[in-house]
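Here the structure is laid out as structure tokens; the discussion comes afterwards.
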Amino acid sequence: MIIDLAEDKANILFNALENFPLEGNEASFKMSFHSFLKVRFLIGIRTSHITLQQLESICIQLKMPDDLWNKLKKVFSDANVVLFGFDEGETHCTYKIYAEFLEKNSSIIQQTENNKHSLLQYTGYKWDAFDPKKSVITHYYCYPFISTQTILKKIEKSYQQSDSQTLLNIVQSIVNLSLKRIFMKNPFMFLEVCDENSQRKSFDLNLYNAGITIGSIHQYLIALQEYFEISDQPFYSFLFRIKRKPFGHLSGGIDRNGIEFLSVYYDI
């Protein structure tokens with residue numbers, strides 16, 4: 001029942017965006033204990049291709065809470081891209097809208113070379129597609145020109161509430177494999193993530209420049225599947241279908257409910 005209803009909710013978003021030129025199309029899957037969520041996508045629109053009035057119309061169709069909309073419209077003029085996301089969970093579905101500030105931050109670091117301070121890269125506005133009163137705002141802070149050693153330390157800190165060295169070792173292995181293949185690092189590749197009014201502490205690492213596929217990290221994904229005690233099916237068949245897709249982001253840590261998770265993003 002939830003699957004049919006979720007499909008309806010996803011279609012509302014697709015229909016709302018169908019007349020806009022899209023900026024990328026990214027999917028992901030999320031793993032946590034006994035949980036494997038694979039219907040997750042993210043679609044972008046440059047703010048030069050959408051007006052505030054058009055954005056408001058989309059938000060109304062998605063039943064975005066008024067308090068979230070009032071905050072989003074205040075930062076719209078500073079954003080270069082608006083991203084629209086959808087997650088299908090086991091008991092609920094989530095709409096997400098992100099404001100990205102990449103161009104603003106690029107200008108800042110050009111003026112202050114080797115900037116070591118964090119910059120707000122994204123703000124995410126998220127709400128339950130079935131019960132919009134359940135909502136959260138998430139902030140993503142980038143650290144320009146961060147070193148590999150510092151990235152690994154911050155990932156370790158994201159899992160600080162966890163007592164599992166096994167999970168941390170697997171995640172660090174994926175990161176090390178990817179970073180060795182990146183010759184010119186994106187200054188905005190690492191993000192620290194936190195929710196307003198929740199215990200979430202996580203990271204997001206952009207590894208597209210490594211130029212590898214999902215199949216390249218197959219052994220680590222199987223290790224994660226075993227660690228999170230996810231059944232072989234449908235995990236194996238899903239992994240086989242996407243093995244040639246470009247590996248993009250790695251996101252993980254402790255979610256707002258205090259649960260360990262890891263998400264893998266790939267280019268559709």
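Labels for the structure tokens follow display order: chains A, B, ..., residues from 1 in each chain, ligands from 1.
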
(request) Please return as number ranges by chain: the residues of region 17-74 of chain A that backbone DSSP assigns to helix (DSSP H, G or I). (result) A: 17, 47-49, 52-61, 66-74

May I have the residues within 8 Å of Leu224 (chain A) as a PDB file with N, CA and C atoms, in the first residue's frame, using only C-alpha atoms and disregarding those fewer than 6 positions away in the same chain?
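To be explicit, this is the file written out as selection39.pdb:
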ATOM      1  N   MET A  31      21.512   2.685   3.477  1.00  0.00           N
ATOM      2  CA  MET A  31      21.587   1.477   4.295  1.00  0.00           C
ATOM      3  C   MET A  31      21.669   1.829   5.775  1.00  0.00           C
ATOM      4  N   LEU A 167      32.349  -0.697  10.736  1.00  0.00           N
ATOM      5  CA  LEU A 167      31.680   0.223   9.821  1.00  0.00           C
ATOM      6  C   LEU A 167      32.627   1.337   9.400  1.00  0.00           C
ATOM      7  N   ILE A 170      35.206   0.207   6.796  1.00  0.00           N
ATOM      8  CA  ILE A 170      34.656   0.032   5.443  1.00  0.00           C
ATOM      9  C   ILE A 170      34.494   1.388   4.760  1.00  0.00           C
TER      10      ILE A 170
END

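The two atoms in question, CA of Ile50 (chain A) and CA of Phe20 (chain A), are spaced 7.6 Å apart.
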
(message) At a cut-off of 9 Å, using only C-alpha atoms, what residues contact Gln61 (chain A)? Leave out same-chain residues fewer than 2 positions from it and give the result as a ChimeraX atom specification.
(response) /A:12-13,16,56-59,63-64

Restricted to C-alpha atoms, what would the selected residues look like written as a PDB file, in the first residue's frame?
ATOM      1  CA  ILE A  12       3.329  14.815  -8.273  1.00  0.00           C
ATOM      2  CA  LEU A  13       6.927  16.039  -8.107  1.00  0.00           C
ATOM      3  CA  ALA A  16       5.512  19.714 -11.340  1.00  0.00           C
ATOM      4  CA  GLU A  56       6.094  28.763  -4.886  1.00  0.00           C
ATOM      5  CA  SER A  57       3.629  27.021  -7.198  1.00  0.00           C
ATOM      6  CA  ILE A  58       5.669  23.803  -7.009  1.00  0.00           C
ATOM      7  CA  CYS A  59       5.902  24.065  -3.219  1.00  0.00           C
ATOM      8  CA  LYS A  63       2.204  20.848   0.309  1.00  0.00           C
ATOM      9  CA  MET A  64       5.401  22.333   1.689  1.00  0.00           C
TER      10      MET A  64
END

(message) Report as a PyMOL selection string all protein, DNA and RNA residues lying within 9 Å of region 183-186 of chain A, evaluated on only C-alpha atoms, omitting residues in the same chain fewer than 6 positions from it.
(response) chain A and resi 144-145+206-207+209-210

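Across A:Leu262, A:Phe86, A:Ser158, A:Lys73, the tightest approach to Asn25 (chain A) is made by A:Phe86 when counting only C-alpha atoms.
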
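Take CA of Asp128 (chain A) and CA of Tyr227 (chain A): the distance between them is 28.4 Å.
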
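Of note, CA of Arg256 (chain A) and CA of Lys201 (chain A) are spaced 7.7 Å apart.
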
(request) Would you mind listing what lies within 10 Å of region 68-71 of chain A as a ChimeraX atom specification, with only C-alpha atoms counted and same-chain residues fewer than 4 positions away left out? (result) /A:55-56,59-60,63-64,75-76,97,123-127,135-137

Resulting file, chosen residues, N, CA and C atoms, as a compact mmCIF listing (two decimals), in the first residue's frame:
# COMPACT_ATOMS: atom_id res chain seq x y z
N LEU A 55 8.52 28.65 -8.31
CA LEU A 55 8.95 27.80 -7.20
C LEU A 55 7.85 27.68 -6.15
N GLU A 56 7.19 28.79 -5.87
CA GLU A 56 6.09 28.76 -4.89
C GLU A 56 4.97 27.84 -5.35
N CYS A 59 5.96 24.34 -4.66
CA CYS A 59 5.90 24.06 -3.22
C CYS A 59 4.47 23.88 -2.74
N ILE A 60 3.54 24.62 -3.32
CA ILE A 60 2.13 24.47 -2.97
C ILE A 60 1.63 23.10 -3.39
N LYS A 63 2.69 20.58 -1.05
CA LYS A 63 2.20 20.85 0.31
C LYS A 63 3.35 21.13 1.28
N MET A 64 4.29 21.93 0.83
CA MET A 64 5.40 22.33 1.69
C MET A 64 4.87 23.17 2.84
N VAL A 75 16.16 32.94 0.99
CA VAL A 75 17.52 32.65 0.51
C VAL A 75 17.55 32.39 -1.00
N PHE A 76 16.40 32.42 -1.64
CA PHE A 76 16.33 32.08 -3.07
C PHE A 76 17.26 32.94 -3.92
N ILE A 97 13.64 19.93 -0.65
CA ILE A 97 14.07 21.01 -1.54
C ILE A 97 15.33 21.63 -0.93
N THR A 123 21.15 24.46 2.08
CA THR A 123 20.16 24.32 3.14
C THR A 123 19.05 23.45 2.58
N GLY A 124 18.70 22.39 3.31
CA GLY A 124 17.68 21.46 2.86
C GLY A 124 16.41 21.60 3.68
N TYR A 125 15.28 21.70 2.98
CA TYR A 125 13.96 21.82 3.60
C TYR A 125 13.21 20.51 3.32
N LYS A 126 12.88 19.76 4.37
CA LYS A 126 12.37 18.41 4.19
C LYS A 126 11.08 18.21 5.00
N TRP A 127 10.14 17.50 4.39
CA TRP A 127 8.88 17.24 5.10
C TRP A 127 8.26 15.93 4.64
N SER A 135 8.50 17.99 9.77
CA SER A 135 9.48 18.62 8.88
C SER A 135 10.78 18.90 9.62
N VAL A 136 11.82 19.17 8.85
CA VAL A 136 13.13 19.48 9.41
C VAL A 136 13.90 20.32 8.41
N ILE A 137 14.81 21.13 8.93
CA ILE A 137 15.72 21.90 8.08
C ILE A 137 17.13 21.41 8.35

(request) Would you kindly return, as a PyMOL selection string, each protein, DNA or RNA residue with an atom no farther than 9 Å from any atom of Tyr140 (chain A), considering only C-alpha atoms and excluding same-chain residues fewer than 2 positions away? (result) chain A and resi 119-124+138+142+191-195+203-204

Output C-alpha atoms for every residue in the selection just made, as a PDB file, in the first residue's frame.
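Contents of out-v2.pdb, as written:
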ATOM      1  CA  LEU A 119      30.777  27.951   4.362  1.00  0.00           C
ATOM      2  CA  LEU A 120      27.077  27.130   4.119  1.00  0.00           C
ATOM      3  CA  GLN A 121      26.833  25.166   0.865  1.00  0.00           C
ATOM      4  CA  TYR A 122      23.239  23.908   1.025  1.00  0.00           C
ATOM      5  CA  THR A 123      20.156  24.318   3.142  1.00  0.00           C
ATOM      6  CA  GLY A 124      17.680  21.457   2.860  1.00  0.00           C
ATOM      7  CA  THR A 138      19.213  20.576   7.383  1.00  0.00           C
ATOM      8  CA  CYS A 142      31.673  22.845   3.225  1.00  0.00           C
ATOM      9  CA  LEU A 191      30.358  18.694   3.760  1.00  0.00           C
ATOM     10  CA  GLU A 192      29.427  18.455   7.421  1.00  0.00           C
ATOM     11  CA  VAL A 193      25.708  17.960   7.911  1.00  0.00           C
ATOM     12  CA  CYS A 194      23.447  18.854  10.829  1.00  0.00           C
ATOM     13  CA  ASP A 195      19.718  19.216  11.402  1.00  0.00           C
ATOM     14  CA  PHE A 203      29.034  13.980   6.371  1.00  0.00           C
ATOM     15  CA  ASP A 204      28.682  14.120   2.603  1.00  0.00           C
TER      16      ASP A 204
END

(request) Enumerate, as a list in words, the complete set of residues in region 206-261 of chain A that a backbone-based DSSP assignment places in strand (DSSP E). (result) Asn206, Phe247, Gly248, His249, Leu250, Ser251, Gly252, Gly253, Ile254, Glu260 and Phe261 of chain A

Find the residues around region 218-221 of chain A up to 10 Å (only C-alpha atoms counted), leave out those fewer than 6 positions away in its own chain, and share them as a compact mmCIF listing (two decimals) with C-alpha atoms, in the first residue's frame.
# COMPACT_ATOMS: atom_id res chain seq x y z
CA MET A 31 21.59 1.48 4.29
CA ASN A 169 36.91 0.83 8.41
CA ILE A 170 34.66 0.03 5.44
CA VAL A 171 33.72 3.67 4.93
CA SER A 173 38.37 2.15 2.65
CA ILE A 174 35.89 3.51 0.09
CA TYR A 227 27.27 -5.29 8.48
CA PHE A 235 20.28 -6.03 -2.60
CA TYR A 236 22.34 -8.19 -4.98
CA LEU A 239 23.60 -3.73 -7.15
CA PHE A 240 23.97 -5.68 -10.40
CA LYS A 243 27.13 -1.52 -11.29
CA VAL A 264 25.60 6.01 -1.80
